[in-house]
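In what follows, a structure is listed as structure tokens, so that the remarks can point back to it.
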Amino acid sequence: MSGTFSYVGGATVATLVIGIIVDHLGWGIAFIVFGISGIAAIICTLLSRDKSLEYWDEEK
């Protein structure tokens with residue numbers, strides 16, 4: 001159940017925050033926030049990828 005509530009809560013908070021950003025700062029800043037979030041997600045994925053591969057190698 002916590003996964004469902006986390007998903008719904010996260011989606012609600014994200015929508016609220018983006019709405020506030022757009023209302024106060026405009027769509028230009030909102031797209032910059034989206035871009036920075038995307039770049040941060042890529043970096044986090046690349047940094048955790050090696051550890052994930054090590055985990056799968058240890059199981060065999």
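Note on naming: chains are A, B, ... as they come in the structure tokens, residues start from 1 per chain, ligands start from 1 in the order shown.
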
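For range 9-21 of chain A, the non-local neighbours within 12 Å, defined as residues at least 3 positions apart in the same chain or in other chains and counting only C-alpha atoms, are Ser2, Gly3, Thr4, Phe5, Ser6, His24, Leu25, Gly26, Trp27, Gly28, Ile29, Ala30, Phe31, Ile32, Val33, Phe34 and Ser37 of chain A.
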